[in-house]
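*Asks:* Data: run_27.pdb, PDB, C-alpha atoms.
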ATOM      1  CA  MET M   1       4.490 -35.440 -20.583
ATOM      2  CA  LYS M   2       4.793 -36.152 -24.299
ATOM      3  CA  LYS M   3       4.061 -39.732 -25.281
ATOM      4  CA  ILE M   4       7.348 -40.162 -27.146
ATOM      5  CA  THR M   5       9.233 -38.830 -24.106
ATOM      6  CA  GLY M   6       7.417 -41.403 -22.011
ATOM      7  CA  LYS M   7       8.483 -44.113 -24.412
ATOM      8  CA  VAL M   8      12.119 -43.027 -24.152
ATOM      9  CA  ILE M   9      11.908 -43.235 -20.368
ATOM     10  CA  ILE M  10      10.364 -46.716 -20.580
ATOM     11  CA  VAL M  11      13.073 -47.765 -23.039
ATOM     12  CA  GLY M  12      15.706 -46.467 -20.628
ATOM     13  CA  PHE M  13      14.163 -48.453 -17.772
ATOM     14  CA  ILE M  14      13.981 -51.647 -19.867
ATOM     15  CA  THR M  15      17.566 -51.073 -20.993
ATOM     16  CA  PHE M  16      18.718 -50.806 -17.383
ATOM     17  CA  LEU M  17      16.988 -54.083 -16.444
ATOM     18  CA  PHE M  18      18.244 -56.061 -19.446
ATOM     19  CA  SER M  19      21.753 -54.612 -19.544
ATOM     20  CA  SER M  20      22.465 -55.385 -15.870
ATOM     21  CA  THR M  21      21.430 -59.004 -16.414
ATOM     22  CA  ILE M  22      23.360 -59.394 -19.672
ATOM     23  CA  ILE M  23      26.492 -57.801 -18.217
ATOM     24  CA  ARG M  24      26.465 -60.266 -15.340
ATOM     25  CA  VAL M  25      26.061 -63.163 -17.816
ATOM     26  CA  ILE M  26      29.000 -61.879 -19.891
ATOM     27  CA  SER M  27      31.158 -61.556 -16.768
ATOM     28  CA  ARG M  28      30.477 -65.158 -15.743
ATOM     29  CA  VAL M  29      30.664 -66.759 -19.214
ATOM     30  CA  PHE M  30      33.654 -64.923 -20.701
ATOM     31  CA  PHE M  31      35.671 -63.898 -17.654
ATOM     32  CA  GLY M  32      34.617 -66.494 -15.036
ATOM     33  CA  VAL M  33      34.051 -63.826 -12.381
ATOM     34  CA  SER M  34      31.117 -61.836 -11.067
ATOM     35  CA  PHE M  35      30.511 -58.339 -12.371
ATOM     36  CA  GLU M  36      31.459 -56.932  -8.965
ATOM     37  CA  ASP M  37      34.911 -58.606  -9.243
ATOM     38  CA  LEU M  38      35.231 -57.472 -12.847
ATOM     39  CA  VAL M  39      34.940 -53.825 -11.906
ATOM     40  CA  THR M  40      37.608 -53.892  -9.213
ATOM     41  CA  LYS M  41      40.323 -51.326  -9.494
ATOM     42  CA  GLU M  42      42.527 -53.555 -11.669
ATOM     43  CA  ASN M  43      39.695 -54.328 -14.145
ATOM     44  CA  ALA M  44      37.590 -51.186 -13.751
ATOM     45  CA  PHE M  45      38.136 -49.894 -17.303
ATOM     46  CA  LEU M  46      37.242 -53.248 -18.890
ATOM     47  CA  GLY M  47      34.179 -53.682 -16.704
ATOM     48  CA  PHE M  48      32.815 -50.214 -17.358
ATOM     49  CA  ALA M  49      33.586 -50.505 -21.084
ATOM     50  CA  ILE M  50      31.557 -53.720 -21.299
ATOM     51  CA  SER M  51      28.740 -52.125 -19.257
ATOM     52  CA  ILE M  52      28.552 -49.042 -21.466
ATOM     53  CA  ALA M  53      28.774 -51.061 -24.696
ATOM     54  CA  VAL M  54      25.967 -53.426 -23.673
ATOM     55  CA  THR M  55      23.753 -50.621 -22.367
ATOM     56  CA  LEU M  56      24.156 -48.466 -25.502
ATOM     57  CA  THR M  57      23.588 -51.458 -27.782
ATOM     58  CA  ILE M  58      20.331 -52.437 -26.079
ATOM     59  CA  PHE M  59      19.163 -48.807 -25.856
ATOM     60  CA  SER M  60      19.944 -48.224 -29.551
ATOM     61  CA  LEU M  61      18.099 -51.370 -30.655
ATOM     62  CA  LEU M  62      15.008 -50.453 -28.641
ATOM     63  CA  ILE M  63      15.007 -46.793 -29.753
ATOM     64  CA  ASN M  64      15.469 -47.928 -33.365
ATOM     65  CA  HIS M  65      12.492 -50.290 -33.075
ATOM     66  CA  PHE M  66      10.113 -47.903 -31.337
ATOM     67  CA  ILE M  67      11.094 -44.527 -32.827
ATOM     68  CA  VAL M  68      13.910 -44.341 -35.415
ATOM     69  CA  LYS M  69      12.477 -47.017 -37.694
ATOM     70  CA  ARG M  70       9.154 -45.180 -37.863
ATOM     71  CA  ILE M  71      10.847 -41.840 -38.514
ATOM     72  CA  LYS M  72      12.783 -43.452 -41.390
ATOM     73  CA  GLU M  73       9.506 -44.748 -42.827
ATOM     74  CA  ILE M  74       8.057 -41.241 -42.738
ATOM     75  CA  ASP M  75      11.238 -39.855 -44.310
ATOM     76  CA  HIS M  76      11.130 -42.478 -47.069
ATOM     77  CA  ALA M  77       7.448 -41.743 -47.669
ATOM     78  CA  THR M  78       8.208 -38.008 -47.902
ATOM     79  CA  LEU M  79      10.840 -38.667 -50.580
ATOM     80  CA  SER M  80       8.310 -40.788 -52.467
ATOM     81  CA  ILE M  81       5.847 -37.887 -52.387
ATOM     82  CA  LYS M  82       8.572 -35.619 -53.781
ATOM     83  CA  ASP M  83       8.998 -38.050 -56.676
ATOM     84  CA  GLY M  84       5.264 -37.942 -57.409
ATOM     85  CA  ASN M  85       4.196 -41.204 -55.753
ATOM     86  CA  TYR M  86       0.972 -40.365 -53.865
ATOM     87  CA  ASP M  87      -0.170 -43.963 -53.320
ATOM     88  CA  ILE M  88       1.984 -44.561 -50.244
ATOM     89  CA  THR M  89       0.255 -45.109 -46.874
ATOM     90  CA  LEU M  90       1.899 -45.190 -43.441
ATOM     91  CA  ASP M  91       1.073 -47.521 -40.568
ATOM     92  CA  THR M  92      -0.981 -45.702 -37.930
ATOM     93  CA  LYS M  93      -0.769 -48.154 -35.044
ATOM     94  CA  GLY M  94      -0.060 -46.602 -31.668
ATOM     95  CA  LYS M  95      -1.092 -43.477 -29.825
ATOM     96  CA  ASP M  96       1.980 -41.241 -29.772
ATOM     97  CA  GLU M  97       3.029 -38.144 -31.707
ATOM     98  CA  LEU M  98       4.492 -40.205 -34.557
ATOM     99  CA  THR M  99       1.151 -41.964 -34.947
ATOM    100  CA  SER M 100      -0.561 -38.582 -35.191
ATOM    101  CA  LEU M 101       2.053 -37.472 -37.726
ATOM    102  CA  SER M 102       1.477 -40.645 -39.770
ATOM    103  CA  GLN M 103      -2.294 -40.091 -39.722
ATOM    104  CA  ASN M 104      -1.870 -36.501 -40.924
ATOM    105  CA  PHE M 105       0.594 -37.696 -43.562
ATOM    106  CA  ASN M 106      -1.984 -40.184 -44.868
ATOM    107  CA  LEU M 107      -4.601 -37.428 -45.009
ATOM    108  CA  MET M 108      -2.147 -35.277 -46.954
ATOM    109  CA  THR M 109      -1.430 -38.028 -49.499
ATOM    110  CA  GLN M 110      -5.157 -38.622 -49.861
ATOM    111  CA  GLU M 111      -5.694 -34.941 -50.672
ATOM    112  CA  LEU M 112      -2.736 -34.957 -53.060
ATOM    113  CA  ARG M 113      -4.146 -37.988 -54.870
ATOM    114  CA  SER M 114      -7.453 -36.158 -55.148
ATOM    115  CA  ASN M 115      -5.771 -32.975 -56.391
ATOM    116  CA  GLU M 116      -3.723 -34.932 -58.907
ATOM    117  CA  TYR M 117      -6.949 -36.422 -60.261
ATOM    118  CA  LEU M 118      -8.600 -32.992 -60.292
ATOM    119  CA  ASN M 119      -5.596 -31.522 -62.086
ATOM    120  CA  LYS M 120      -5.810 -34.181 -64.787
ATOM    121  CA  GLU M 121      -9.568 -33.645 -64.974
ATOM    122  CA  PHE M 122      -9.057 -29.893 -65.200
ATOM    123  CA  VAL M 123      -6.520 -30.152 -68.015
ATOM    124  CA  ARG M 124      -8.793 -32.535 -69.917
ATOM    125  CA  ASN M 125     -11.887 -30.343 -69.485
ATOM    126  CA  PHE M 126     -10.105 -27.072 -70.136
ATOM    127  CA  SER M 127      -8.468 -28.479 -73.269
ATOM    128  CA  HIS M 128     -11.879 -29.610 -74.498
ATOM    129  CA  GLU M 129     -13.577 -26.295 -73.701
ATOM    130  CA  PHE M 130     -10.730 -24.381 -75.323
ATOM    131  CA  LYS M 131     -10.502 -26.622 -78.373
ATOM    132  CA  THR M 132     -14.219 -26.610 -79.225
ATOM    133  CA  PRO M 133     -14.616 -22.898 -80.095
ATOM    134  CA  LEU M 134     -11.247 -22.927 -81.894
ATOM    135  CA  SER M 135     -12.407 -25.830 -84.052
ATOM    136  CA  VAL M 136     -15.681 -24.046 -84.852
ATOM    137  CA  ILE M 137     -13.884 -20.797 -85.706
ATOM    138  CA  ARG M 138     -11.409 -22.579 -87.945
ATOM    139  CA  GLY M 139     -14.092 -24.663 -89.636
ATOM    140  CA  TYR M 140     -16.336 -21.756 -90.560
ATOM    141  CA  ALA M 141     -13.355 -19.581 -91.520
ATOM    142  CA  GLU M 142     -12.251 -22.289 -93.974
ATOM    143  CA  LEU M 143     -15.801 -22.489 -95.373
ATOM    144  CA  ILE M 144     -15.815 -18.752 -95.991
ATOM    145  CA  GLU M 145     -12.369 -18.908 -97.595
ATOM    146  CA  GLN M 146     -12.959 -21.930 -99.835
ATOM    147  CA  SER M 147     -16.627 -21.659-100.813
ATOM    148  CA  ASP M 148     -18.572 -19.394-103.109
ATOM    149  CA  LEU M 149     -21.099 -18.359-100.462
ATOM    150  CA  SER M 150     -23.987 -15.961-100.643
ATOM    151  CA  GLU M 151     -23.807 -12.760 -98.638
ATOM    152  CA  GLU M 152     -26.447 -14.143 -96.272
ATOM    153  CA  ASP M 153     -24.506 -17.383 -95.600
ATOM    154  CA  THR M 154     -21.255 -15.480 -95.178
ATOM    155  CA  LYS M 155     -22.871 -13.200 -92.588
ATOM    156  CA  TYR M 156     -24.333 -16.237 -90.794
ATOM    157  CA  TYR M 157     -20.958 -17.957 -90.601
ATOM    158  CA  LEU M 158     -19.261 -14.731 -89.471
ATOM    159  CA  ASP M 159     -21.830 -14.374 -86.672
ATOM    160  CA  ILE M 160     -20.959 -17.895 -85.484
ATOM    161  CA  ILE M 161     -17.241 -17.045 -85.562
ATOM    162  CA  ILE M 162     -17.866 -13.864 -83.558
ATOM    163  CA  SER M 163     -20.019 -15.762 -81.050
ATOM    164  CA  GLU M 164     -17.396 -18.467 -80.529
ATOM    165  CA  SER M 165     -14.662 -15.832 -80.263
ATOM    166  CA  GLU M 166     -16.632 -14.139 -77.489
ATOM    167  CA  ARG M 167     -17.115 -17.477 -75.749
ATOM    168  CA  LEU M 168     -13.376 -18.159 -75.964
ATOM    169  CA  SER M 169     -12.624 -14.689 -74.633
ATOM    170  CA  ASN M 170     -15.037 -15.159 -71.722
ATOM    171  CA  LEU M 171     -13.518 -18.533 -70.909
ATOM    172  CA  THR M 172      -9.948 -17.237 -70.775
ATOM    173  CA  ASN M 173     -10.990 -14.093 -68.875
ATOM    174  CA  ASN M 174     -12.913 -16.078 -66.240
ATOM    175  CA  MET M 175     -10.096 -18.596 -65.841
ATOM    176  CA  LEU M 176      -7.675 -15.712 -65.322
ATOM    177  CA  GLN M 177      -9.954 -14.234 -62.664
ATOM    178  CA  ILE M 178     -10.241 -17.597 -60.901
ATOM    179  CA  SER M 179      -6.457 -17.848 -60.880
ATOM    180  CA  LEU M 180      -6.150 -14.336 -59.437
ATOM    181  CA  ILE M 181      -8.764 -15.032 -56.741
ATOM    182  CA  ASP M 182      -7.073 -18.291 -55.755
ATOM    183  CA  SER M 183      -3.686 -16.593 -55.508
ATOM    184  CA  LYS M 184      -4.855 -13.886 -53.089
ATOM    185  CA  ALA M 185      -4.561 -14.888 -49.457
ATOM    186  CA  ILE M 186      -6.042 -11.604 -48.220
ATOM    187  CA  ILE M 187      -8.832  -9.704 -49.971
ATOM    188  CA  LYS M 188      -9.070  -5.978 -49.291
ATOM    189  CA  LYS M 189     -12.511  -4.892 -48.112
ATOM    190  CA  ASP M 190     -12.082  -1.169 -47.491
ATOM    191  CA  ASP M 191     -14.284   0.258 -50.282
ATOM    192  CA  GLU M 192     -17.314   2.185 -48.991
ATOM    193  CA  TYR M 193     -20.200   2.231 -51.477
ATOM    194  CA  ASN M 194     -23.923   1.767 -52.035
ATOM    195  CA  ILE M 195     -24.544  -1.872 -52.987
ATOM    196  CA  THR M 196     -28.117  -1.052 -54.061
ATOM    197  CA  GLU M 197     -26.843   1.485 -56.562
ATOM    198  CA  GLN M 198     -24.308  -1.068 -57.797
ATOM    199  CA  ILE M 199     -27.115  -3.553 -58.555
ATOM    200  CA  ARG M 200     -29.023  -0.855 -60.501
ATOM    201  CA  ASN M 201     -25.874  -0.130 -62.523
ATOM    202  CA  VAL M 202     -25.424  -3.818 -63.419
ATOM    203  CA  ILE M 203     -29.075  -4.073 -64.507
ATOM    204  CA  GLN M 204     -28.625  -1.005 -66.701
ATOM    205  CA  MET M 205     -25.352  -2.294 -68.147
ATOM    206  CA  THR M 206     -26.966  -5.593 -69.196
ATOM    207  CA  GLN M 207     -30.069  -3.896 -70.616
ATOM    208  CA  LEU M 208     -29.468  -4.946 -74.215
ATOM    209  CA  ASN M 209     -29.335  -8.620 -73.201
ATOM    210  CA  TRP M 210     -32.545  -8.717 -71.173
ATOM    211  CA  GLU M 211     -34.448  -6.473 -73.574
ATOM    212  CA  LEU M 212     -33.741  -8.930 -76.411
ATOM    213  CA  LYS M 213     -35.652 -11.575 -74.414
ATOM    214  CA  LYS M 214     -38.296  -9.008 -73.347
ATOM    215  CA  LEU M 215     -37.630  -9.673 -69.675
ATOM    216  CA  THR M 216     -38.879  -7.507 -66.821
ATOM    217  CA  PHE M 217     -37.680  -7.005 -63.248
ATOM    218  CA  ASP M 218     -39.390  -7.122 -59.875
ATOM    219  CA  LEU M 219     -37.093  -5.198 -57.515
ATOM    220  CA  ASP M 220     -37.436  -5.324 -53.735
ATOM    221  CA  MET M 221     -34.284  -3.653 -52.438
ATOM    222  CA  ASP M 222     -33.286  -1.854 -49.262
ATOM    223  CA  GLU M 223     -30.857   1.027 -49.601
ATOM    224  CA  ILE M 224     -27.627  -0.399 -48.162
ATOM    225  CA  LYS M 225     -24.190   1.144 -47.793
ATOM    226  CA  ILE M 226     -21.411  -1.348 -47.132
ATOM    227  CA  LYS M 227     -17.663  -1.565 -46.650
ATOM    228  CA  SER M 228     -16.320  -4.366 -48.814
ATOM    229  CA  ASN M 229     -14.544  -4.985 -52.128
ATOM    230  CA  LYS M 230     -16.465  -3.053 -54.779
ATOM    231  CA  GLU M 231     -14.938  -4.856 -57.754
ATOM    232  CA  LEU M 232     -15.678  -8.329 -56.392
ATOM    233  CA  THR M 233     -19.289  -7.646 -55.347
ATOM    234  CA  TYR M 234     -19.825  -6.165 -58.818
ATOM    235  CA  GLN M 235     -18.546  -9.435 -60.319
ATOM    236  CA  ILE M 236     -20.919 -11.479 -58.128
ATOM    237  CA  ILE M 237     -23.949  -9.418 -59.154
ATOM    238  CA  LEU M 238     -22.951  -9.400 -62.827
ATOM    239  CA  ASN M 239     -22.392 -13.167 -62.950
ATOM    240  CA  LEU M 240     -25.686 -14.037 -61.226
ATOM    241  CA  LEU M 241     -27.722 -11.511 -63.207
ATOM    242  CA  SER M 242     -26.187 -12.625 -66.522
ATOM    243  CA  ASN M 243     -26.892 -16.219 -65.551
ATOM    244  CA  ALA M 244     -30.536 -15.385 -64.764
ATOM    245  CA  VAL M 245     -30.979 -13.553 -68.079
ATOM    246  CA  LYS M 246     -29.354 -16.360 -70.064
ATOM    247  CA  TYR M 247     -31.546 -19.119 -68.625
ATOM    248  CA  SER M 248     -34.835 -17.196 -68.427
ATOM    249  CA  SER M 249     -37.610 -17.976 -70.860
ATOM    250  CA  LEU M 250     -38.907 -15.193 -73.124
ATOM    251  CA  LYS M 251     -41.090 -12.479 -71.572
ATOM    252  CA  GLU M 252     -40.522 -13.705 -68.019
ATOM    253  CA  GLU M 253     -39.776 -11.768 -64.846
ATOM    254  CA  ILE M 254     -36.552 -11.726 -62.849
ATOM    255  CA  LYS M 255     -37.008 -11.051 -59.134
ATOM    256  CA  ILE M 256     -34.238  -9.360 -57.166
ATOM    257  CA  LYS M 257     -34.290  -8.882 -53.407
ATOM    258  CA  LEU M 258     -31.729  -7.015 -51.333
ATOM    259  CA  LYS M 259     -32.327  -7.142 -47.597
ATOM    260  CA  ASP M 260     -30.443  -5.308 -44.867
ATOM    261  CA  ASN M 261     -29.730  -7.293 -41.719
ATOM    262  CA  GLU M 262     -27.889  -6.149 -38.599
ATOM    263  CA  LYS M 263     -24.429  -7.437 -39.472
ATOM    264  CA  ASP M 264     -24.868  -8.659 -43.039
ATOM    265  CA  PHE M 265     -27.057  -8.329 -46.110
ATOM    266  CA  SER M 266     -28.627 -10.832 -48.490
ATOM    267  CA  PHE M 267     -28.879 -10.609 -52.271
ATOM    268  CA  THR M 268     -31.425 -12.961 -53.878
ATOM    269  CA  ILE M 269     -32.151 -13.374 -57.578
ATOM    270  CA  THR M 270     -34.855 -15.629 -59.043
ATOM    271  CA  ASN M 271     -35.583 -16.391 -62.684
ATOM    272  CA  LYS M 272     -38.133 -18.584 -64.451
ATOM    273  CA  GLY M 273     -37.009 -20.847 -67.266
ATOM    274  CA  GLN M 274     -34.604 -23.710 -67.642
ATOM    275  CA  GLU M 275     -34.114 -25.343 -64.260
ATOM    276  CA  ILE M 276     -31.173 -27.324 -62.945
ATOM    277  CA  PRO M 277     -31.777 -31.109 -62.828
ATOM    278  CA  GLN M 278     -32.000 -32.466 -59.281
ATOM    279  CA  ASP M 279     -29.290 -35.038 -60.062
ATOM    280  CA  ASP M 280     -26.907 -32.177 -60.862
ATOM    281  CA  ILE M 281     -27.523 -30.111 -57.727
ATOM    282  CA  ASP M 282     -24.092 -30.933 -56.286
ATOM    283  CA  LYS M 283     -22.335 -29.991 -59.539
ATOM    284  CA  VAL M 284     -23.572 -26.418 -59.992
ATOM    285  CA  PHE M 285     -20.452 -24.707 -58.644
ATOM    286  CA  LYS M 286     -18.013 -27.188 -60.187
ATOM    287  CA  LEU M 287     -15.709 -25.954 -62.914
ATOM    288  CA  PHE M 288     -17.015 -26.489 -66.480
ATOM    289  CA  TYR M 289     -20.443 -27.710 -65.307
ATOM    290  CA  ILE M 290     -23.178 -26.969 -67.872
ATOM    291  CA  ALA M 291     -26.747 -28.114 -67.195
ATOM    292  CA  ASP M 292     -27.593 -28.951 -70.810
ATOM    293  CA  LYS M 293     -24.704 -28.634 -73.258
ATOM    294  CA  GLU M 294     -26.958 -29.054 -76.289
ATOM    295  CA  LYS M 295     -29.159 -26.111 -75.276
ATOM    296  CA  ASN M 296     -26.345 -24.005 -73.809
ATOM    297  CA  LYS M 297     -23.557 -24.243 -76.338
ATOM    298  CA  GLU M 298     -22.396 -20.696 -75.595
ATOM    299  CA  SER M 299     -21.886 -21.390 -71.879
ATOM    300  CA  THR M 300     -18.387 -22.045 -70.539
ATOM    301  CA  GLY M 301     -19.362 -23.512 -67.155
ATOM    302  CA  VAL M 302     -16.959 -21.163 -65.363
ATOM    303  CA  GLY M 303     -19.099 -18.226 -64.181
ATOM    304  CA  LEU M 304     -20.710 -19.866 -61.158
ATOM    305  CA  THR M 305     -17.390 -21.390 -60.084
ATOM    306  CA  LEU M 306     -15.845 -17.925 -60.120
ATOM    307  CA  THR M 307     -18.837 -16.510 -58.210
ATOM    308  CA  LYS M 308     -18.558 -19.168 -55.501
ATOM    309  CA  LYS M 309     -14.820 -18.537 -55.104
ATOM    310  CA  ILE M 310     -15.370 -14.783 -54.749
ATOM    311  CA  VAL M 311     -18.114 -15.274 -52.158
ATOM    312  CA  ASP M 312     -15.882 -17.652 -50.198
ATOM    313  CA  LYS M 313     -13.000 -15.157 -50.297
ATOM    314  CA  LEU M 314     -15.322 -12.467 -48.915
ATOM    315  CA  LYS M 315     -16.257 -14.867 -46.061
ATOM    316  CA  GLY M 316     -19.831 -15.058 -47.311
ATOM    317  CA  ASN M 317     -22.243 -17.809 -48.255
ATOM    318  CA  ILE M 318     -24.019 -18.671 -51.500
ATOM    319  CA  THR M 319     -26.923 -21.106 -51.866
ATOM    320  CA  PHE M 320     -29.386 -21.964 -54.600
ATOM    321  CA  SER M 321     -32.544 -23.900 -55.357
ATOM    322  CA  SER M 322     -34.141 -24.997 -58.604
ATOM    323  CA  ASP M 323     -37.629 -26.446 -58.815
ATOM    324  CA  LYS M 324     -40.650 -26.212 -61.146
ATOM    325  CA  GLY M 325     -38.874 -23.864 -63.513
ATOM    326  CA  LEU M 326     -37.783 -21.420 -60.806
ATOM    327  CA  THR M 327     -34.095 -21.063 -60.013
ATOM    328  CA  THR M 328     -32.953 -18.927 -57.076
ATOM    329  CA  PHE M 329     -29.488 -17.910 -55.974
ATOM    330  CA  LYS M 330     -28.951 -16.256 -52.586
ATOM    331  CA  VAL M 331     -25.750 -14.579 -51.432
ATOM    332  CA  VAL M 332     -25.159 -13.433 -47.851
ATOM    333  CA  LEU M 333     -22.201 -11.111 -47.184
ATOM    334  CA  VAL M 334     -20.957  -9.203 -44.156
ATOM    335  CA  LYS M 335     -21.433  -5.443 -44.452
TER
END
As a first step, turn the structure in this file into structure tokens.

*Replies:*
Amino acid sequence: MKKITGKVIIVGFITFLFSSTIIRVISRVFFGVSFEDLVTKENAFLGFAISIAVTLTIFSLLINHFIVKRIKEIDHATLSIKDGNYDITLDTKGKDELTSLSQNFNLMTQELRSNEYLNKEFVRNFSHEFKTPLSVIRGYAELIEQSDLSEEDTKYYLDIIISESERLSNLTNNMLQISLIDSKAIIKKDDEYNITEQIRNVIQMTQLNWELKKLTFDLDMDEIKIKSNKELTYQIILNLLSNAVKYSSLKEEIKIKLKDNEKDFSFTITNKGQEIPQDDIDKVFKLFYIADKEKNKESTGVGLTLTKKIVDKLKGNITFSSDKGLTTFKVVLVK
């Protein structure tokens, strides 16, 4: 039996007890007769009318106190949420279904307050990240336009403009991809392909970047054919490999492992160079997080967030460690 149903039954029982007593009092005080005499054939209508009126009044008052009043509070709170007031909290005393509803409502408002804060934080951070390269581009463009610069200085300033333009392009592209990933409730995973070959293709595609830093690779990969989303696994590999190249010191080695398990496979990439501070471990996958903004001015702090969202959408798991100059990311996905 539902708890609210039980309360209604109890209210009905209490109503019966109180109404019978009150009706008898009314009969004696106002009509000077017993209730039994009041409901004789001559006065039957009056007696039953008084009985029904008293019973309904008591029942209504009790139902209003135990149920209707609380429902109105929830309704009022819902309207407040609609108007943007997320600070409202409902009373959670009791053990019935309305109590459970109130508890869930409070959890919802708590999440909404958190999301509202995150939304404000997002707008603030995104505006800053978007404004910075625009300011740099405009500043150096004005210098080139207004100053009598040497060819060498002009080329230097143009290189900065190109670099910031690329950073701005990467930022907007990654934010678009995050939006697309978030909007997809179901991710198709019906592509059949060789994930090992895909990793080799990404390494080859990024060759110019890692050759500039004279990096080498230590590859330990099983040949694995999977059925998943080819575009998304490509994005995961590209993001993690680009991240490893970017933060590796010159002439270092990047280790890549690809291991075939029974039902899943693991992709691990390790680089030596700038490590992530231990105090920032919990922030790595947060949007716009950059380990050292002074050293990594070209970073947007979006790539790892996008990677984590893709892995989550593919029902996988991503972990990392960073210690003594070695940073390792490990992704486990179902085949």

*Asks:* Hey, what comes out of the PyMOL selection byres ((chain M and resi 200) around 12) on this file? Could you write it as an MDAnalysis selection string?

*Replies:* chainID M and resid 194:199 201:207 217 219:221 223 234 237:238 241 256:258

*Asks:* Between atom CA of Glu164 of chain M and atom CA of Asn243 of chain M, what distance in Å does the model show, to one decimal?

*Replies:*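 Separation of atom CA of Glu164 of chain M and atom CA of Asn243 of chain M: 17.9 Å.
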
*Asks:* Counting all atoms listed in the file, write as a ChimeraX atom specification all protein and nucleic acid residues lying at most 12 Å from (-21.1, -15.6, -50.7) in the file's frame.

*Replies:* /M:232-233,235-237,240,264-268,304-320,329-335

*Asks:* Using only C-alpha atoms, can you tell me which of M:Lys324, M:Lys272, M:Lys214, M:Lys230 comes closest to Lys189 of chain M?

*Replies:*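 Going through M:Lys324, M:Lys272, M:Lys214, M:Lys230 one by one, the smallest distance to Lys189 of chain M is for M:Lys230.
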
*Asks:* List as a VMD selection string the residues having at least one atom at most 8 Å from position (-43.0, -12.3, -68.9) as given in the file, counting all atoms listed in the file.

*Replies:* chain M and resid 214 to 216 250 to 253

*Asks:* Go through M:Ala244, M:Leu287, M:Ile269, M:Ile74 and flag the residue nearest Trp210 of chain M, using all atoms listed in the file for the distances.

*Replies:*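 Distance minimum relative to Trp210 of chain M lands on M:Ala244.
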